[in-house]
Amino acid sequence: MKYIYSVMFATMMILLTASTFSYSFSQTPDSNLASNIFNNKELVVPKNVKNFVILIPNEAHESPDLPKDQRLINQPYVPQNLVVHPSTKIVWFAGDVGHMRKVILEDENSNEIFNSILKFNSASKALPFNQSGKFTYFETKANKDDPNFVMKGSVTVTGPEPNSSIDISNNSLKSNFDTLSIIMIPTKDINKHAKILNDNSLNILDQYSFKDLRQTAGGGANQTLLVLGSNGPIDATISTLKKITSTLPYS
């Protein structure tokens, strides 16, 4: 009976925190934030967000061109393409179990401006951007079975600036949270992790469940993307992500 009540409570917490999406992103064109990240591989971040944590998911290093797909999700970084205002700092969080990940960021002239090596369940330093433009980041030789595979992502930093070709300064998206982050968890464990998130003041803004690409289980969806919001220190968000990631079944 206690188990039933705990499941009911956790489910209610998910519904309540997810409902904050309606006011936290009150001017967003639609409320399918997590599904858009999954299907479009892109997110336009509200300009008042101070920090965004990009997830390097488990099996991010697996190539989609191998005979048998070993990926869990359809992109090596979640979201793979990000649009931010210059005031937003970016952090990469490494969730690829048992692997070191390397993030090399270049500007539009292929000049390297950031380089970070990440152990599993760790995060990069927060990276500020001082100019607008499209920045690409990548890791080569990530998969020994497909030496041509390159993990790729992008961060587009908006204007306005003189001679800037990108300007969404009239972006009406707003968030009531200083930090946004992404985590991927097994769908069956949502209730357990929702309690941890709630206990650490991380709000579930939206969620999207899907079946992983390597088809590890029968039936329907078995993985879920959670979009999280917090007003606490960025280190507190990272600490909570580490706490959950260390308990995932593939960790």
# chains A, B, ... in the order shown; residues from 1 in each chain; ligands from 1

call {"tool": "closest_atom_pairs", "arguments": {"of": "segment 25-71 of chain A", "to": "segment 123-142 of chain A", "cutoff": "10 Å", "atoms": "only C-alpha atoms", "output": "tab-separated table"}}
result
residue	atom	partner	partner_atom	distance
A:Lys50	CA	A:Pro128	CA	9.7
A:Asn51	CA	A:Ala126	CA	7.8
A:Phe52	CA	A:Ala126	CA	8.9
A:Val53	CA	A:Ala123	CA	8.7
A:Ile54	CA	A:Ala123	CA	9.5
A:Leu55	CA	A:Ala123	CA	9.4
A:Ile56	CA	A:Ala123	CA	9.8
A:Ala60	CA	A:Ala142	CA	8.8
A:His61	CA	A:Ala142	CA	5.4
A:Glu62	CA	A:Ala142	CA	7.7
A:Ser63	CA	A:Ala142	CA	8.6

call {"tool": "select_by_dssp", "arguments": {"residues": "segment 106-210 of chain A", "states": "helix (DSSP H, G or I)", "output": "VMD selection string"}}
result
chain A and resid 187 to 199

call {"tool": "write_last_selection", "arguments": {"atoms": "N, CA and C atoms", "output": "PDB file, in the first residue's frame"}}
result
ATOM      1  N   THR A 187      12.084   5.053 -18.829  1.00  0.00           N
ATOM      2  CA  THR A 187      10.701   5.463 -18.588  1.00  0.00           C
ATOM      3  C   THR A 187      10.126   4.830 -17.326  1.00  0.00           C
ATOM      4  N   LYS A 188      10.484   3.592 -17.074  1.00  0.00           N
ATOM      5  CA  LYS A 188       9.925   2.887 -15.918  1.00  0.00           C
ATOM      6  C   LYS A 188      10.383   3.488 -14.587  1.00  0.00           C
ATOM      7  N   ASP A 189      11.428   4.312 -14.620  1.00  0.00           N
ATOM      8  CA  ASP A 189      11.978   4.872 -13.383  1.00  0.00           C
ATOM      9  C   ASP A 189      11.615   6.343 -13.175  1.00  0.00           C
ATOM     10  N   ILE A 190      10.674   6.860 -13.948  1.00  0.00           N
ATOM     11  CA  ILE A 190      10.326   8.283 -13.844  1.00  0.00           C
ATOM     12  C   ILE A 190       9.912   8.652 -12.425  1.00  0.00           C
ATOM     13  N   ASN A 191       9.059   7.840 -11.824  1.00  0.00           N
ATOM     14  CA  ASN A 191       8.548   8.181 -10.493  1.00  0.00           C
ATOM     15  C   ASN A 191       9.667   8.316  -9.466  1.00  0.00           C
ATOM     16  N   LYS A 192      10.612   7.379  -9.518  1.00  0.00           N
ATOM     17  CA  LYS A 192      11.726   7.411  -8.566  1.00  0.00           C
ATOM     18  C   LYS A 192      12.568   8.670  -8.735  1.00  0.00           C
ATOM     19  N   HIS A 193      12.877   9.007  -9.974  1.00  0.00           N
ATOM     20  CA  HIS A 193      13.741  10.154 -10.218  1.00  0.00           C
ATOM     21  C   HIS A 193      13.004  11.477 -10.044  1.00  0.00           C
ATOM     22  N   ALA A 194      11.696  11.475 -10.250  1.00  0.00           N
ATOM     23  CA  ALA A 194      10.914  12.698 -10.034  1.00  0.00           C
ATOM     24  C   ALA A 194      11.017  13.153  -8.582  1.00  0.00           C
ATOM     25  N   LYS A 195      11.041  12.209  -7.677  1.00  0.00           N
ATOM     26  CA  LYS A 195      11.159  12.562  -6.252  1.00  0.00           C
ATOM     27  C   LYS A 195      12.523  13.185  -5.958  1.00  0.00           C
ATOM     28  N   ILE A 196      13.586  12.616  -6.538  1.00  0.00           N
ATOM     29  CA  ILE A 196      14.927  13.168  -6.336  1.00  0.00           C
ATOM     30  C   ILE A 196      14.999  14.590  -6.888  1.00  0.00           C
ATOM     31  N   LEU A 197      14.434  14.784  -8.069  1.00  0.00           N
ATOM     32  CA  LEU A 197      14.438  16.113  -8.675  1.00  0.00           C
ATOM     33  C   LEU A 197      13.675  17.105  -7.805  1.00  0.00           C
ATOM     34  N   ASN A 198      12.512  16.691  -7.338  1.00  0.00           N
ATOM     35  CA  ASN A 198      11.704  17.568  -6.496  1.00  0.00           C
ATOM     36  C   ASN A 198      12.419  17.903  -5.189  1.00  0.00           C
ATOM     37  N   ASP A 199      13.063  16.905  -4.598  1.00  0.00           N
ATOM     38  CA  ASP A 199      13.781  17.123  -3.338  1.00  0.00           C
ATOM     39  C   ASP A 199      14.952  18.087  -3.504  1.00  0.00           C
TER      40      ASP A 199
END

call {"tool": "residues_around", "arguments": {"residues": "Arg71 of chain A", "least_positions_apart": "6", "cutoff": "12 Å", "atoms": "only C-alpha atoms", "output": "number ranges by chain"}}
result
A: 56-65, 77, 96, 143, 211-216, 223

call {"tool": "residues_around", "arguments": {"residues": "segment 228-231 of chain A", "least_positions_apart": "4", "cutoff": "8 Å", "atoms": "only C-alpha atoms", "output": "tab-separated table (two decimals) with N, CA and C atoms, in the first residue's frame"}}
result
chain	number	residue	atom	x	y	z
A	177	PHE	N	13.02	30.36	-14.95
A	177	PHE	CA	14.14	29.63	-14.37
A	177	PHE	C	15.47	30.14	-14.90
A	178	ASP	N	16.46	30.19	-14.02
A	178	ASP	CA	17.79	30.65	-14.40
A	178	ASP	C	18.56	29.60	-15.19
A	179	THR	N	18.34	28.32	-14.85
A	179	THR	CA	19.09	27.23	-15.47
A	179	THR	C	18.14	26.20	-16.06
A	180	LEU	N	18.38	25.83	-17.31
A	180	LEU	CA	17.64	24.75	-17.96
A	180	LEU	C	18.61	23.62	-18.25
A	181	SER	N	18.13	22.39	-18.12
A	181	SER	CA	18.98	21.23	-18.37
A	181	SER	C	18.14	20.08	-18.91
A	182	ILE	N	18.84	19.07	-19.43
A	182	ILE	CA	18.21	17.90	-20.03
A	182	ILE	C	18.78	16.65	-19.38
A	183	ILE	N	17.91	15.67	-19.15
A	183	ILE	CA	18.40	14.36	-18.71
A	183	ILE	C	17.55	13.29	-19.38
A	201	SER	N	14.91	20.64	-5.77
A	201	SER	CA	14.38	21.89	-6.36
A	201	SER	C	14.62	22.01	-7.86
A	202	LEU	N	14.61	20.88	-8.55
A	202	LEU	CA	14.63	20.89	-10.01
A	202	LEU	C	13.22	20.58	-10.51
A	203	ASN	N	12.69	21.46	-11.33
A	203	ASN	CA	11.33	21.33	-11.82
A	203	ASN	C	11.30	20.63	-13.17
A	204	ILE	N	10.40	19.67	-13.33
A	204	ILE	CA	10.20	19.02	-14.62
A	204	ILE	C	9.28	19.91	-15.44
A	205	LEU	N	9.84	20.53	-16.49
A	205	LEU	CA	9.06	21.43	-17.33
A	205	LEU	C	8.31	20.69	-18.42
A	206	ASP	N	8.91	19.62	-18.91
A	206	ASP	CA	8.25	18.83	-19.95
A	206	ASP	C	8.96	17.49	-20.06
A	237	THR	N	22.46	22.14	-9.76
A	237	THR	CA	21.84	21.39	-10.86
A	237	THR	C	22.76	20.25	-11.30
